[in-house]
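Structure first, commentary second.
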Amino acid sequence: METVINTNTYDVIVLGAGAAGLMCAAEAGKRGRSVLIVDHAEKAGKKILISGGGRCNFTNLYASADDFLSQNPHFCKSALARFTQYDTLDMFEKQGIAWHEREHGQLFCDGSAKQVVDMLLEKCSEHAVMIQLHCQIDGIIQNKGFDVHTNQGSMHCESLVVATGGLSIPKMGATGFGYQIASQFGLDIVETEAGLVPFRLTGKIHDALKALAGISLPVEASCAGQVFREAMLFTHRGISGPAMLQISSYWQAGEAICINLLPDLHVRTWLQEQQGLRGKQYLRTVLADILPKRLVLHWCELYLPDKPLQNLSESDLDIIVAQLQSWQLKPAATEGYRTAEVTLGGVDTGCLSSKTMQARDVKGLYFIGEVVDVTGHLGGFNFQWAWASGYCAGQFV
Ligand SMILES: Cc1cc2nc3c(=O)[nH]c(=O)nc-3n(C[C@H](O)[C@H](O)[C@H](O)COP(=O)(O)OP(=O)(O)OC[C@H]3O[C@@H](n4cnc5c(N)ncnc54)[C@H](O)[C@@H]3O)c2cc1C
């Protein structure tokens with residue numbers, strides 16, 4: 001939907017036609033506000049379209065403040081309580097979007113993520129929200145409200161909503177523009193970093209483990225006091241999969257990740273049983289019954305002694321248990337914003353009202369969605385934050 005603008009003054013201008021911006025615009029339009037969305041992209045909702053493997057993991061049944069990282073973990077509570085996962089579900093059901101639940105309460109569209117963008121565009125259109133795409137923003141000036149200067153002319157608004165997202169996937173149009181506006185108006189920025197992102201391995205470990213590319217297995221990964229039990233995937237460059245994406249949001253450069261490759265097994269007891277049952281068989285042969293064969297071949301060569309089970313001493317068992325259940329792996333780095341699903345950090349929540357999302361010291365200036373220092377875990381939480389923060393700001397702009 002692209003609309004020709006015939007006036008240059010609006011009640012509300014929303015910068016960014018992503019999940020949060022579209023939601024906020026539709027809500028403000030519903031209240032009778034005149035709303036314009038501007039975005040430099042050629043179409044609205046590009047990240048929604050690629051999300052969840054094209055099926056958009058649009059919320060999570062168990063969403064709560066505990067699923068979010070922020071310097072102030074309480075900030076998101078108010079918005080999440082005023083627009084809950086059930087409100088999201090209600091919005092989707094009213095639109096007739098069929099959905100299904102996957103593990104950990106993750107809700108996905110049965111069809112395609114395009115249905116989500118279509119729903120948001122319809123809601124905007126219903127309330128006469130205008131959308132200006134291909135629009136480069138040159139500058140914002142505070143002037144009894146705000147003047148927004150763009151390559152398509154200048155517009156004026158009473159309320160300006162910044163919904164330009166984070167830095168992840170610059171190829172898709174992500175920019176740091178929201179942080180720039182925040183700094184221009186004196187708001188603090190919590191240092192940003194790539195989150196929900198795969199890890200890179202280098203050196204000997206990478207050389208030894210690259211043969212495992214493509215293997216996925218359920219693990220328990222822990223780092224910085226956080227534990228995630230999900231799948232881990234070996235890649236050509238390192239490690240990925242939901243467990244690693246989740247832990248990446250907590251990982252600091254130089255730290256090791258602790259990985260339990262057999263989280264559902266008491267390995268020592270199991271090995272002792274196997275010693276009694278098939279003592280002549282070699283450790284790697286026996287492990288191939290409970291771990292992927294290629295993993296056993298390459299990983300065990302690197303980390304474990306290979307002897308007949310009957311020859312394993314108590315200290316061998318200690319080593320085996322420690323390596324299999326508390327494998328310490330030090331990634332060289334993350335893949336960075338190029339492949340990150342989200343950006344950690346952002347506009348400091350201390351500068352915003354948790355009720356309205358308005359900047360405490362700049363009347364009429366609002367920040368919503370990923371540009372704010374609120375970042376969800378993997379599993380539909382980031383969209384829930386986009387819907388909730390967009391909804392809340394939409395009631396006040
Ligand atoms: C590959 C991938 C898959 C994902 N899957 C999921 C998932 O399944 N579930 C989930 O909950 N989360 C998922 N996420 C995260 C989720 O997409 C984001 O958290 C969410 O889109 C943030 O919404 P937003 O509206 O704040 O920002 P965005 O959706 O990023 O929207 C920002 C908008 O601002 C525009 N913009 C940026 N800079 C400028 C500028 N300078 N001038 C004009 N316009 C500008 C952009 O073009 C964009 O349209 C995924 C992310 C990625 C990258």
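Chains: A, B, ... in order of the structure tokens. Residues: from 1 per chain. Ligands: from 1, in order shown.
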For Val161 of chain A, please output as a PyMOL selection string all residues within 10 Å (counting only C-alpha atoms; exclusion window: fewer than 2 positions along the same chain).
chain A and resi 12-16+20-21+24-25+37+157+159+163-164+178+357-358+364-368+390+393-394+397
Helix (DSSP H, G or I) per DSSP on the backbone: members of segment 24-261 of chain A, as a PyMOL selection string
chain A and resi 24-30+46-54+65-67+75-82+85-94+103-105+114-126+170-172+177-184+203-212+242-248
Report as a ChimeraX atom specification which protein, DNA and RNA residues come within 6 Å of ligand 1, using only C-alpha atoms and all ligand atoms.
/A:15-21,39-41,44-45,47-48,50-52,56-58,136-137,163-166,169,173-175,177,341-342,369-371,379-383,386
Applying 10 Å and only C-alpha atoms, which residues near Arg82 of chain A remain after dropping the ones on its own chain fewer than 2 positions away? List them as a PyMOL selection string.
chain A and resi 77-80+84-85+87+355+388-389+391-392
For N, CA and C atoms, I'd like the residues from the last selection saved as a PDB file, in the first residue's frame.
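In the end it all went to again.pdb:
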ATOM      1  N   LYS A  77       7.159  -4.646  31.762  1.00  0.00           N
ATOM      2  CA  LYS A  77       6.009  -5.302  32.410  1.00  0.00           C
ATOM      3  C   LYS A  77       4.680  -4.616  32.095  1.00  0.00           C
ATOM      4  N   SER A  78       4.682  -3.290  32.153  1.00  0.00           N
ATOM      5  CA  SER A  78       3.436  -2.549  31.990  1.00  0.00           C
ATOM      6  C   SER A  78       2.852  -2.791  30.597  1.00  0.00           C
ATOM      7  N   ALA A  79       3.661  -2.621  29.569  1.00  0.00           N
ATOM      8  CA  ALA A  79       3.158  -2.804  28.197  1.00  0.00           C
ATOM      9  C   ALA A  79       2.736  -4.260  27.966  1.00  0.00           C
ATOM     10  N   LEU A  80       3.541  -5.201  28.475  1.00  0.00           N
ATOM     11  CA  LEU A  80       3.204  -6.619  28.260  1.00  0.00           C
ATOM     12  C   LEU A  80       1.900  -6.986  28.968  1.00  0.00           C
ATOM     13  N   THR A  84      -1.353  -8.320  25.945  1.00  0.00           N
ATOM     14  CA  THR A  84      -0.767  -9.617  26.273  1.00  0.00           C
ATOM     15  C   THR A  84      -0.720 -10.523  25.029  1.00  0.00           C
ATOM     16  N   GLN A  85      -0.127 -11.686  25.212  1.00  0.00           N
ATOM     17  CA  GLN A  85      -0.097 -12.681  24.135  1.00  0.00           C
ATOM     18  C   GLN A  85      -1.514 -13.098  23.734  1.00  0.00           C
ATOM     19  N   ASP A  87      -4.091 -11.052  23.739  1.00  0.00           N
ATOM     20  CA  ASP A  87      -4.582  -9.969  22.877  1.00  0.00           C
ATOM     21  C   ASP A  87      -4.044 -10.163  21.456  1.00  0.00           C
ATOM     22  N   LYS A 355       4.523   3.595  30.566  1.00  0.00           N
ATOM     23  CA  LYS A 355       3.088   3.583  30.275  1.00  0.00           C
ATOM     24  C   LYS A 355       2.827   4.022  28.827  1.00  0.00           C
ATOM     25  N   ALA A 388       3.073  -5.043  21.744  1.00  0.00           N
ATOM     26  CA  ALA A 388       2.679  -4.438  23.029  1.00  0.00           C
ATOM     27  C   ALA A 388       3.146  -2.984  23.118  1.00  0.00           C
ATOM     28  N   SER A 389       4.406  -2.726  22.763  1.00  0.00           N
ATOM     29  CA  SER A 389       4.902  -1.343  22.882  1.00  0.00           C
ATOM     30  C   SER A 389       4.211  -0.457  21.842  1.00  0.00           C
ATOM     31  N   TYR A 391       1.162  -0.928  20.617  1.00  0.00           N
ATOM     32  CA  TYR A 391      -0.214  -0.735  21.082  1.00  0.00           C
ATOM     33  C   TYR A 391      -0.267   0.376  22.131  1.00  0.00           C
ATOM     34  N   CYS A 392       0.643   0.297  23.108  1.00  0.00           N
ATOM     35  CA  CYS A 392       0.611   1.264  24.219  1.00  0.00           C
ATOM     36  C   CYS A 392       0.847   2.682  23.723  1.00  0.00           C
TER      37      CYS A 392
END
Would you please extract all strand (DSSP E) residues from segment 47-219 of chain A, as assigned by DSSP on the backbone, and give them as a ChimeraX atom specification?
/A:57-60,68-69,99-101,106-109,130-132,137-142,146-150,153-162,189-195,199-200,216-219
May I ask for the distance between atom CA of Val267 of chain A and atom CA of Leu212 of chain A, given in Å to one decimal place?
22.2 Å
When you look at Thr334 of chain A with a cut-off of 7 Å (counting only C-alpha atoms), what residues show up, excluding the ones that are within fewer than 4 positions of it in the same chain? I need them as a PyMOL selection string.
chain A and resi 197-200
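Pairwise distance (atom CA of Ile320 of chain A, atom CA of His236 of chain A) equals 25.8 Å.
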